[in-house]
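S.K.: Sharing entry34.txt below, compact mmCIF, C-alpha atoms:
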# COMPACT_ATOMS: atom_id res chain seq x y z
CA MET B 1 144.61 12.86 161.51
CA HIS B 2 144.29 12.45 157.74
CA PRO B 3 147.34 12.95 155.47
CA SER B 4 145.48 15.70 153.58
CA ASP B 5 144.96 17.74 156.76
CA GLY B 6 147.22 20.78 156.98
CA GLN B 7 145.68 22.40 160.02
CA GLY B 8 147.24 19.96 162.46
CA THR B 9 150.65 21.37 161.60
CA GLY B 10 149.71 24.82 160.30
CA TYR B 11 147.41 26.13 163.03
CA SER B 12 150.20 28.04 164.83
CA SER B 13 151.49 29.70 161.67
CA GLY B 14 150.24 33.07 160.51
CA ASP B 15 151.08 32.02 156.95
CA TYR B 16 148.60 29.14 157.20
CA TRP B 17 145.70 31.37 158.24
CA ALA B 18 146.65 34.04 155.70
CA HIS B 19 146.57 31.36 152.96
CA ILE B 20 143.09 30.24 154.01
CA ALA B 21 141.87 33.84 153.84
CA ARG B 22 143.42 34.50 150.44
CA VAL B 23 141.84 31.37 148.96
CA ALA B 24 138.42 32.34 150.36
CA GLU B 25 138.71 35.84 148.91
CA ARG B 26 139.81 34.41 145.55
CA GLY B 27 136.54 32.48 145.64
CA CYS B 28 134.62 35.70 146.42
CA PHE B 29 133.24 34.28 149.69
CA ASP B 30 131.26 36.65 151.92
CA GLY B 31 133.45 35.75 154.85
CA LEU B 32 135.00 33.14 157.09
CA PHE B 33 132.94 31.92 160.03
CA PHE B 34 134.72 30.79 163.20
CA ALA B 35 132.71 28.60 165.54
CA ASP B 36 134.22 28.26 169.00
CA VAL B 37 133.73 26.77 172.43
CA LEU B 38 135.84 27.76 175.42
CA SER B 39 136.63 24.45 177.05
CA ILE B 40 136.79 20.69 176.95
CA GLY B 41 134.76 18.86 179.51
CA GLY B 42 136.19 16.67 182.23
CA GLU B 43 137.49 13.29 181.16
CA SER B 44 137.26 14.07 177.46
CA TYR B 45 140.27 16.43 177.65
CA GLU B 46 142.72 13.63 177.01
CA TYR B 47 140.57 12.34 174.16
CA GLU B 48 140.28 15.76 172.54
CA SER B 49 143.95 16.67 172.87
CA VAL B 50 145.69 13.37 172.17
CA ARG B 51 143.29 11.60 169.83
CA PHE B 52 141.06 14.24 168.28
CA GLY B 53 143.24 17.30 167.80
CA GLY B 54 140.70 19.44 169.63
CA VAL B 55 143.47 21.40 171.31
CA PRO B 56 145.39 23.64 171.01
CA ARG B 57 142.41 25.84 170.24
CA TYR B 58 143.30 29.45 169.56
CA ASP B 59 141.11 32.49 170.17
CA PRO B 60 139.48 33.26 166.79
CA LEU B 61 139.56 37.00 167.50
CA ALA B 62 143.35 36.83 167.63
CA LEU B 63 143.56 35.17 164.19
CA ILE B 64 141.60 37.85 162.36
CA PRO B 65 144.30 40.57 162.06
CA VAL B 66 146.58 38.08 160.31
CA MET B 67 143.89 37.13 157.79
CA ALA B 68 142.63 40.69 157.35
CA ALA B 69 146.14 41.88 156.48
CA ALA B 70 146.27 39.31 153.67
CA THR B 71 142.91 40.35 152.14
CA SER B 72 140.93 43.47 151.32
CA HIS B 73 137.26 42.39 150.99
CA LEU B 74 136.73 39.15 152.91
CA GLY B 75 134.60 39.35 156.05
CA PHE B 76 135.29 37.59 159.36
CA ALA B 77 132.60 36.25 161.69
CA ALA B 78 134.12 35.37 165.06
CA THR B 79 132.39 33.68 167.97
CA LEU B 80 132.48 35.42 171.34
CA ASN B 81 130.65 33.92 174.30
CA ILE B 82 128.76 36.42 176.46
CA ALA B 83 129.70 34.44 179.58
CA GLY B 84 132.71 35.73 181.48
CA THR B 85 133.16 38.97 179.49
CA ALA B 86 131.52 42.28 180.37
CA PRO B 87 129.46 43.82 177.55
CA PHE B 88 131.62 46.96 177.60
CA ILE B 89 134.77 44.88 176.97
CA ALA B 90 133.10 42.85 174.22
CA ALA B 91 131.85 45.98 172.45
CA ARG B 92 135.28 47.56 172.60
CA ARG B 93 137.13 44.43 171.44
CA ILE B 94 134.86 43.72 168.48
CA SER B 95 134.62 47.35 167.42
CA THR B 96 138.41 47.68 167.52
CA LEU B 97 138.73 44.78 165.08
CA ASP B 98 135.90 46.19 162.98
CA ASN B 99 137.84 49.43 162.58
CA LEU B 100 141.21 47.80 161.99
CA THR B 101 139.72 45.61 159.24
CA GLY B 102 137.94 48.52 157.56
CA GLY B 103 134.47 47.29 158.55
CA ARG B 104 134.83 43.56 157.91
CA MET B 105 133.84 42.12 161.28
CA ALA B 106 130.84 40.08 162.38
CA TRP B 107 130.14 38.78 165.85
CA ASN B 108 128.64 35.34 166.25
CA VAL B 109 126.82 35.76 169.56
CA VAL B 110 126.70 32.62 171.68
CA THR B 111 125.32 32.19 175.18
CA GLY B 112 127.35 29.07 176.00
CA TYR B 113 125.88 25.63 176.43
CA LEU B 114 128.73 23.43 177.67
CA GLU B 115 128.72 23.08 181.43
CA SER B 116 132.51 22.83 181.23
CA ASP B 117 132.63 26.37 179.79
CA PHE B 118 130.89 27.75 182.85
CA ASN B 119 133.04 25.61 185.15
CA ALA B 120 136.16 27.04 183.49
CA LEU B 121 134.85 30.57 184.04
CA GLY B 122 133.84 29.89 187.63
CA LEU B 123 130.17 30.44 186.86
CA ASN B 124 126.95 28.50 187.26
CA ARG B 125 125.31 27.58 183.97
CA PRO B 126 121.91 29.31 183.67
CA GLU B 127 118.96 27.45 182.21
CA HIS B 128 118.65 27.50 178.44
CA ASP B 129 116.03 30.25 178.01
CA ASN B 130 117.52 32.35 180.80
CA ARG B 131 120.82 32.46 178.89
CA TYR B 132 119.01 34.19 176.04
CA ASP B 133 117.30 36.59 178.44
CA GLN B 134 120.78 37.62 179.55
CA ALA B 135 121.98 37.84 175.95
CA ASP B 136 119.17 40.28 175.08
CA GLU B 137 120.50 42.77 177.63
CA TYR B 138 124.11 42.07 176.71
CA VAL B 139 123.68 42.81 173.00
CA GLU B 140 121.49 45.83 173.76
CA ILE B 141 124.35 47.36 175.77
CA CYS B 142 126.80 46.70 172.94
CA LYS B 143 124.48 48.35 170.41
CA LEU B 144 124.04 51.40 172.67
CA LEU B 145 127.82 51.74 172.96
CA TRP B 146 128.33 51.42 169.20
CA ASP B 147 125.59 53.97 168.50
CA ALA B 148 126.90 56.48 171.02
CA PHE B 149 130.22 57.23 169.27
CA PRO B 150 129.67 58.06 165.56
CA ALA B 151 132.81 58.23 163.44
CA SER B 152 131.89 61.81 162.55
CA ALA B 153 132.67 62.80 166.16
CA ILE B 154 136.40 62.54 165.35
CA ILE B 155 136.94 65.99 163.81
CA ARG B 156 140.75 66.50 164.13
CA ASP B 157 140.34 70.30 164.03
CA LEU B 158 143.84 71.80 163.85
CA GLU B 159 142.65 75.38 164.30
CA SER B 160 140.75 74.83 167.53
CA GLY B 161 142.92 71.96 168.72
CA ALA B 162 139.81 69.82 169.25
CA TYR B 163 140.21 66.18 168.29
CA ILE B 164 136.70 65.00 169.20
CA ASP B 165 133.35 66.74 169.06
CA MET B 166 131.92 65.69 172.40
CA ALA B 167 128.49 67.01 171.43
CA GLN B 168 128.11 63.97 169.17
CA ILE B 169 129.04 61.41 171.82
CA ARG B 170 126.46 60.13 174.28
CA LYS B 171 126.86 58.50 177.64
CA VAL B 172 125.37 55.02 177.97
CA ASP B 173 123.41 54.46 181.16
CA PHE B 174 121.79 51.02 181.17
CA GLU B 175 120.55 48.98 184.08
CA GLY B 176 118.73 45.72 183.50
CA LYS B 177 118.00 42.56 185.40
CA TYR B 178 121.35 40.95 184.54
CA TYR B 179 123.72 43.69 183.38
CA LYS B 180 124.37 47.36 183.85
CA CYS B 181 126.70 49.79 182.14
CA GLU B 182 127.36 53.46 182.83
CA SER B 183 130.06 54.89 180.59
CA PHE B 184 130.98 56.87 177.54
CA PRO B 185 132.11 54.59 174.69
CA ILE B 186 135.81 54.73 173.81
CA VAL B 187 135.82 53.28 170.27
CA GLU B 188 134.15 54.96 167.31
CA GLN B 189 131.87 53.33 164.78
CA SER B 190 133.59 51.52 161.91
CA PRO B 191 133.05 52.14 158.18
CA GLN B 192 130.09 49.73 158.35
CA GLY B 193 128.63 51.27 161.50
CA TRP B 194 128.13 48.24 163.71
CA PRO B 195 129.77 44.87 163.23
CA LEU B 196 127.33 42.39 161.74
CA ILE B 197 125.54 40.13 164.21
CA PHE B 198 125.40 36.38 163.50
CA GLN B 199 123.43 33.85 165.50
CA ALA B 200 122.64 30.14 165.37
CA GLY B 201 119.77 29.76 167.83
CA ALA B 202 117.48 26.86 166.88
CA SER B 203 115.18 26.66 169.91
CA PRO B 204 112.06 28.86 170.05
CA ARG B 205 113.80 31.20 172.50
CA GLY B 206 117.00 31.20 170.46
CA LEU B 207 115.10 31.99 167.28
CA ASN B 208 113.29 34.85 169.02
CA PHE B 209 116.70 36.27 170.00
CA ALA B 210 118.07 35.78 166.48
CA VAL B 211 115.27 37.57 164.63
CA LYS B 212 115.51 40.46 167.10
CA HIS B 213 119.26 41.02 166.83
CA ALA B 214 120.88 39.11 163.98
CA ASP B 215 121.79 40.18 160.47
CA ALA B 216 122.37 36.54 159.58
CA ILE B 217 121.57 33.10 160.98
CA PHE B 218 123.83 30.09 160.60
CA ALA B 219 121.61 27.01 160.54
CA LEU B 220 122.57 23.41 161.19
CA GLN B 221 119.68 21.61 159.53
CA PRO B 222 119.41 18.21 157.84
CA ARG B 223 118.50 18.28 154.16
CA VAL B 224 114.88 17.28 154.79
CA ALA B 225 114.31 20.18 157.20
CA MET B 226 116.10 23.03 155.41
CA ALA B 227 113.15 24.60 153.58
CA ASN B 228 110.94 24.41 156.65
CA TRP B 229 113.60 26.10 158.79
CA VAL B 230 113.98 29.01 156.37
CA SER B 231 110.18 29.44 156.41
CA THR B 232 110.20 29.27 160.21
CA VAL B 233 112.75 32.09 160.38
CA GLN B 234 110.73 34.17 157.92
CA ARG B 235 107.52 33.70 159.93
CA ALA B 236 109.25 34.49 163.22
CA ALA B 237 110.73 37.70 161.84
CA ALA B 238 107.37 38.80 160.41
CA ALA B 239 105.57 38.03 163.69
CA ALA B 240 108.13 40.01 165.67
CA GLY B 241 108.09 42.93 163.22
CA HIS B 242 111.82 42.70 162.55
CA PRO B 243 113.75 42.59 159.27
CA GLU B 244 114.31 39.04 158.08
CA PRO B 245 117.83 37.77 158.89
CA LYS B 246 119.73 36.17 156.04
CA VAL B 247 119.79 32.39 156.53
CA PHE B 248 122.96 30.46 155.76
CA LEU B 249 122.49 26.69 155.67
CA GLY B 250 125.43 24.47 156.54
CA ILE B 251 126.72 21.91 154.02
CA GLN B 252 129.87 19.85 153.62
CA PRO B 253 131.00 19.25 150.02
CA ILE B 254 133.16 16.16 149.43
CA ILE B 255 134.57 16.70 145.93
CA ALA B 256 136.18 13.96 143.84
CA GLU B 257 136.31 12.74 140.24
CA SER B 258 133.44 10.37 140.91
CA GLU B 259 130.87 9.72 143.60
CA ALA B 260 132.57 6.38 144.33
CA ASN B 261 135.89 8.15 144.94
CA ALA B 262 134.19 10.67 147.19
CA MET B 263 132.54 7.92 149.24
CA ALA B 264 135.87 6.13 149.53
CA TYR B 265 137.40 9.35 150.86
CA ILE B 266 134.60 9.70 153.43
CA HIS B 267 135.35 6.14 154.55
CA GLU B 268 139.04 7.06 154.88
CA LEU B 269 138.07 9.95 157.13
CA GLU B 270 135.57 8.06 159.27
CA VAL B 271 137.73 4.99 159.97
CA ARG B 272 140.29 7.36 161.48
CA VAL B 273 137.73 8.63 163.98
CA PRO B 274 138.43 6.99 167.37
CA ILE B 275 135.00 5.93 168.62
CA GLU B 276 135.47 6.40 172.35
CA PRO B 277 136.63 10.03 172.21
CA ALA B 278 134.12 10.76 169.46
CA VAL B 279 131.27 9.54 171.66
CA ALA B 280 132.60 11.56 174.60
CA ARG B 281 132.86 14.67 172.45
CA LEU B 282 129.36 14.24 171.01
CA GLY B 283 127.91 13.68 174.46
CA GLY B 284 129.63 16.78 175.80
CA LEU B 285 128.14 18.97 173.08
CA LEU B 286 124.67 17.51 173.50
CA GLY B 287 124.75 17.45 177.29
CA VAL B 288 124.15 13.69 177.34
CA THR B 289 126.20 10.83 178.82
CA PHE B 290 126.32 7.99 176.29
CA ARG B 291 127.35 4.38 176.99
CA LEU B 292 129.71 2.59 174.62
CA GLU B 293 127.64 -0.56 174.85
CA ASP B 294 124.86 1.36 173.08
CA LEU B 295 126.96 2.13 170.00
CA ASP B 296 124.70 0.34 167.54
CA LYS B 297 121.39 1.36 169.10
CA PRO B 298 119.26 4.24 167.75
CA ILE B 299 119.55 7.48 169.70
CA ASP B 300 116.26 8.23 171.45
CA ARG B 301 114.73 11.66 171.83
CA LEU B 302 117.09 13.80 173.87
CA GLY B 303 116.16 16.05 176.79
CA THR B 304 119.10 18.33 177.53
CA GLU B 305 120.20 21.82 178.52
CA GLY B 306 122.81 21.66 175.75
CA SER B 307 122.70 23.25 172.32
CA GLN B 308 119.25 22.75 170.82
CA GLY B 309 120.68 23.22 167.33
CA TRP B 310 122.93 20.20 167.78
CA VAL B 311 120.07 18.16 169.25
CA THR B 312 117.82 19.02 166.31
CA SER B 313 120.51 18.06 163.82
CA VAL B 314 120.99 14.70 165.49
CA MET B 315 117.33 13.86 165.80
CA ASN B 316 116.48 14.84 162.21
CA TRP B 317 119.14 12.56 160.74
CA SER B 318 116.71 11.24 158.15
CA GLU B 319 113.01 11.08 157.40
CA ASP B 320 112.58 7.43 158.26
CA ARG B 321 114.86 6.50 161.16
CA SER B 322 116.94 7.70 164.09
CA PRO B 323 120.73 7.42 163.78
CA THR B 324 122.75 4.96 165.80
CA LEU B 325 125.26 6.31 168.26
CA ARG B 326 128.12 4.91 166.14
CA GLU B 327 126.83 6.64 163.00
CA MET B 328 126.51 9.94 164.78
CA ALA B 329 129.94 9.73 166.42
CA GLN B 330 131.67 8.92 163.13
CA HIS B 331 129.75 11.58 161.24
CA PHE B 332 130.41 14.21 163.87
CA GLY B 333 134.08 13.26 163.94
CA THR B 334 134.40 14.54 160.36
CA SER B 335 131.50 16.99 160.01
CA PRO B 336 129.55 19.38 162.26
CA MET B 337 126.28 17.53 161.53
CA THR B 338 125.86 19.21 158.15
CA PRO B 339 124.52 17.40 155.07
CA ARG B 340 127.21 16.14 152.72
CA LEU B 341 127.19 16.92 149.01
CA VAL B 342 129.22 14.12 147.48
CA GLY B 343 130.66 13.67 144.00
CA PRO B 344 132.22 15.51 141.06
CA PRO B 345 132.22 19.35 141.01
CA GLU B 346 129.29 19.57 138.59
CA LYS B 347 127.13 17.33 140.79
CA VAL B 348 128.03 19.31 143.90
CA ALA B 349 127.15 22.54 142.10
CA ASP B 350 123.82 21.03 141.01
CA GLU B 351 123.01 20.14 144.62
CA ILE B 352 123.94 23.60 145.85
CA GLU B 353 121.70 25.23 143.25
CA LEU B 354 118.86 22.87 144.14
CA ILE B 355 119.15 23.63 147.86
CA TRP B 356 119.25 27.37 147.20
CA ARG B 357 116.22 27.32 144.91
CA GLU B 358 114.14 24.91 147.01
CA THR B 359 114.77 26.43 150.42
CA GLY B 360 114.85 30.17 149.75
CA CYS B 361 117.99 30.52 151.87
CA TYR B 362 120.31 33.46 151.28
CA GLY B 363 123.47 31.38 151.15
CA LEU B 364 125.38 28.36 152.34
CA THR B 365 128.11 27.83 154.89
CA ILE B 366 130.81 25.41 153.74
CA SER B 367 132.00 23.14 156.54
CA PRO B 368 135.49 21.77 155.84
CA HIS B 369 136.52 18.16 156.25
CA THR B 370 140.26 18.88 156.08
CA ASN B 371 141.97 22.21 155.52
CA PRO B 372 143.22 23.76 153.36
CA ARG B 373 142.13 21.01 150.94
CA SER B 374 138.39 21.59 151.50
CA ILE B 375 138.42 25.26 150.66
CA GLU B 376 140.95 24.91 147.82
CA ASP B 377 138.92 22.18 146.11
CA PHE B 378 135.70 24.14 146.43
CA VAL B 379 137.15 27.43 145.18
CA ASP B 380 139.06 25.87 142.29
CA GLN B 381 136.45 23.36 141.12
CA VAL B 382 132.95 24.38 142.24
CA VAL B 383 133.01 28.19 142.46
CA PRO B 384 133.68 28.68 138.71
CA ILE B 385 130.62 26.55 137.89
CA LEU B 386 128.42 28.53 140.29
CA GLN B 387 129.76 31.81 138.91
CA SER B 388 129.02 30.70 135.34
CA ARG B 389 125.40 30.09 136.40
CA GLY B 390 125.11 33.51 138.01
CA LEU B 391 124.80 31.99 141.50
CA MET B 392 127.99 33.49 142.96
CA ARG B 393 129.56 36.91 142.59
CA THR B 394 132.65 37.40 140.45
CA GLU B 395 133.64 40.58 142.26
CA TYR B 396 132.78 42.25 145.55
CA ALA B 397 130.21 45.04 145.84
CA GLY B 398 132.23 46.97 148.40
CA THR B 399 134.90 46.76 151.06
CA THR B 400 132.77 46.17 154.17
CA TYR B 401 131.15 42.94 155.29
CA ARG B 402 127.74 44.66 155.42
CA GLU B 403 127.99 45.91 151.83
CA ASN B 404 128.97 42.49 150.53
CA LEU B 405 126.36 40.63 152.55
CA GLN B 406 123.67 42.84 151.02
CA GLN B 407 124.93 42.21 147.49
CA ASN B 408 122.42 40.25 145.39
Since I need it in another form, could you write the structure as structure tokens?

M.R.:
Amino acid sequence: MHPSDGQGTGYSSGDYWAHIARVAERGCFDGLFFADVLSIGGESYEYESVRFGGVPRYDPLALIPVMAAATSHLGFAATLNIAGTAPFIAARRISTLDNLTGGRMAWNVVTGYLESDFNALGLNRPEHDNRYDQADEYVEICKLLWDAFPASAIIRDLESGAYIDMAQIRKVDFEGKYYKCESFPIVEQSPQGWPLIFQAGASPRGLNFAVKHADAIFALQPRVAMANWVSTVQRAAAAAGHPEPKVFLGIQPIIAESEANAMAYIHELEVRVPIEPAVARLGGLLGVTFRLEDLDKPIDRLGTEGSQGWVTSVMNWSEDRSPTLREMAQHFGTSPMTPRLVGPPEKVADEIELIWRETGCYGLTISPHTNPRSIEDFVDQVVPILQSRGLMRTEYAGTTYRENLQQN
């Protein structure tokens, strides 16, 4: 744990999460994105909890009302795994939050990739592509439920005594290979209609799912592969005849007075990463068992049922060489495999502008190193530069996540 990290002590405080949200809204961010996994695998539990701070790990959906109450425009993209939750329950839960926030919810749809997640839920882990086959049906049911109860159906007619116009509400009757649902919906559409759909699928099957369902794609791509990935998404959407999802590329700014100071700070972070638990954590995410005696050997091509986005990020470490296990473990201990933009605020802003112009992405996702320092530094030092160049908004277009995501 680094001295600048406030989350290790603040995570259980509503004030902490409200502060994060207020800072993000002050910076005119589209929203806050909450990645999540359900479990910690096997022997790595002690590593994660005692050495890595991986637990306690709160449900991101439960944090959103606290942050929404402290803001009025900021969106919230929360991860919800399709495994272990019926589509009807997921649709109700997300739509409830979408209404309570005034239309500021997004759902990051994940199919689950950790075997420990499925063990925790008492389920067998399906094969990679089959998980997306299931997700297609799952999201389709949710969309049918959201469509079947328009907000206009709530009429509140005092003369007739009718509260709801049942003629506007449809029964959902869906039966597929994996899921079925027969019910009237019980939550109305929010001010933005549906919650936004986010996805991060990087495999061919995952990308096919994303362009079919997602409003936005969160991409973990190394710097050398960013432009190609955006083009890949564009081609996939065109081939499928679907609107092009907005691509957000992940980056991690490390801001300091000089590049030397920023590199020194990275070193401070990485030397605090305990190698053994870091290797165990990395292996759990990738679905690979690593050996500590191989720490300084390059990682070979990985064949795994784990997250293909993580695998791609690891294997595309650079143009000219594979990373060593030690390098990857230390990097992952302080960053979710996103490229680092290192140096003074002006240099970081230059890099952001270059990435945006070269890749054609819609936006960038800022991965923190420590909170709240990461977001405070970025909002106070980099956002004003980007705003002065016309690259970031200075005010929101509307009050819903969908309105603000569509703002140019």

S.K.: Please, what distance in Å, to one decimal, runs between atom CA of Ala210 of chain B and atom CA of Phe248 of chain B?

M.R.: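 Between these atoms lies a distance of 12.9 Å.
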
S.K.: Counting all atoms listed in the file, what is within 7 Å of Thr394 of chain B, bar same-chain residues fewer than 2 positions away, as a JSON list (two decimals) with C-alpha atoms, in the frame of the given file?

M.R.:
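Output below, filename out04.json:
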[["chain", "number", "residue", "atom", "x", "y", "z"],
["B", 28, "CYS", "CA", 134.62, 35.70, 146.42],
["B", 387, "GLN", "CA", 129.76, 31.81, 138.91],
["B", 392, "MET", "CA", 127.99, 33.49, 142.96]]

S.K.: Which residue, B:Ala24, B:Val37, B:Val348, B:Val224, has the smallest gap to Tyr113 of chain B when you use all atoms listed in the file?

M.R.: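 Of all the options, B:Val37 lies closest to Tyr113 of chain B.
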
S.K.: Go through B:Pro195, B:Pro344, B:Gly84, B:Gly14 one by one, measure the shortest atom-to-atom distance of each to Arg104 of chain B using only C-alpha atoms, and give the residue with the smallest value.

M.R.: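 Comparing B:Pro195, B:Pro344, B:Gly84, B:Gly14 against Arg104 of chain B, the winner is B:Pro195.
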
S.K.: Which of these, B:Gly250, B:Pro126, B:Gly193, B:Pro345, has the shortest distance to Thr400 of chain B once you count all atoms listed in the file?

M.R.: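 The answer is B:Gly193, which sits nearest to Thr400 of chain B.
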
S.K.: In terms of the shortest atom-to-atom distance over only C-alpha atoms, which of B:Arg156, B:His213, B:His73, B:Lys347 is closest to Ala397 of chain B?

M.R.: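 Going through B:Arg156, B:His213, B:His73, B:Lys347 one by one, the smallest distance to Ala397 of chain B is for B:His73.
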
S.K.: Can you measure atom CA of Gly102 of chain B to atom CA of Gly10 of chain B for me? One decimal in Å is fine.

M.R.: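 For atom CA of Gly102 of chain B relative to atom CA of Gly10 of chain B, the distance reads 26.6 Å.
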
S.K.: Residues within 10 Å of Phe209 of chain B, please, as a PyMOL selection string. Count all atoms listed in the file; anything in the same chain fewer than 2 positions from it doesn't count.

M.R.: chain B and resi 132-133+135-136+199-207+211-214

S.K.: Could you work out how far atom CA of Pro150 of chain B lies from atom CA of Ile169 of chain B, giving the answer in Å with one decimal?

M.R.: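 Value for the atom CA of Ile169 of chain B-atom CA of Pro150 of chain B distance: 7.1 Å.
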
S.K.: Need to verify the contact set: Ala239 of chain B, 10 Å, all atoms listed in the file, exclusion of same-chain residues closer than 5 positions in sequence. Can you return it as a list in words?

M.R.: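 Answer for this query is Asn208, Val211, Val233 and Gln234 of chain B.
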
S.K.: For Arg26 of chain B, please output as a ChimeraX atom specification all residues within 12 Å (counting only C-alpha atoms; exclusion window: fewer than 4 positions along the same chain).

M.R.: /B:19-22,30-31,70-74,375-376,378-380,383-384,393-396

S.K.: Counting only C-alpha atoms, which of B:Glu293, B:Glu403, B:Glu351, B:Asp173 gets nearest to Arg223 of chain B?

M.R.: B:Glu351

S.K.: Show me, as JSON, numbers by chain, the residues that have an atom within 9 Å of Val66 of chain B when counting only C-alpha atoms, minus same-chain residues fewer than 6 positions from it.

M.R.: {"B": [14, 15, 17, 18]}
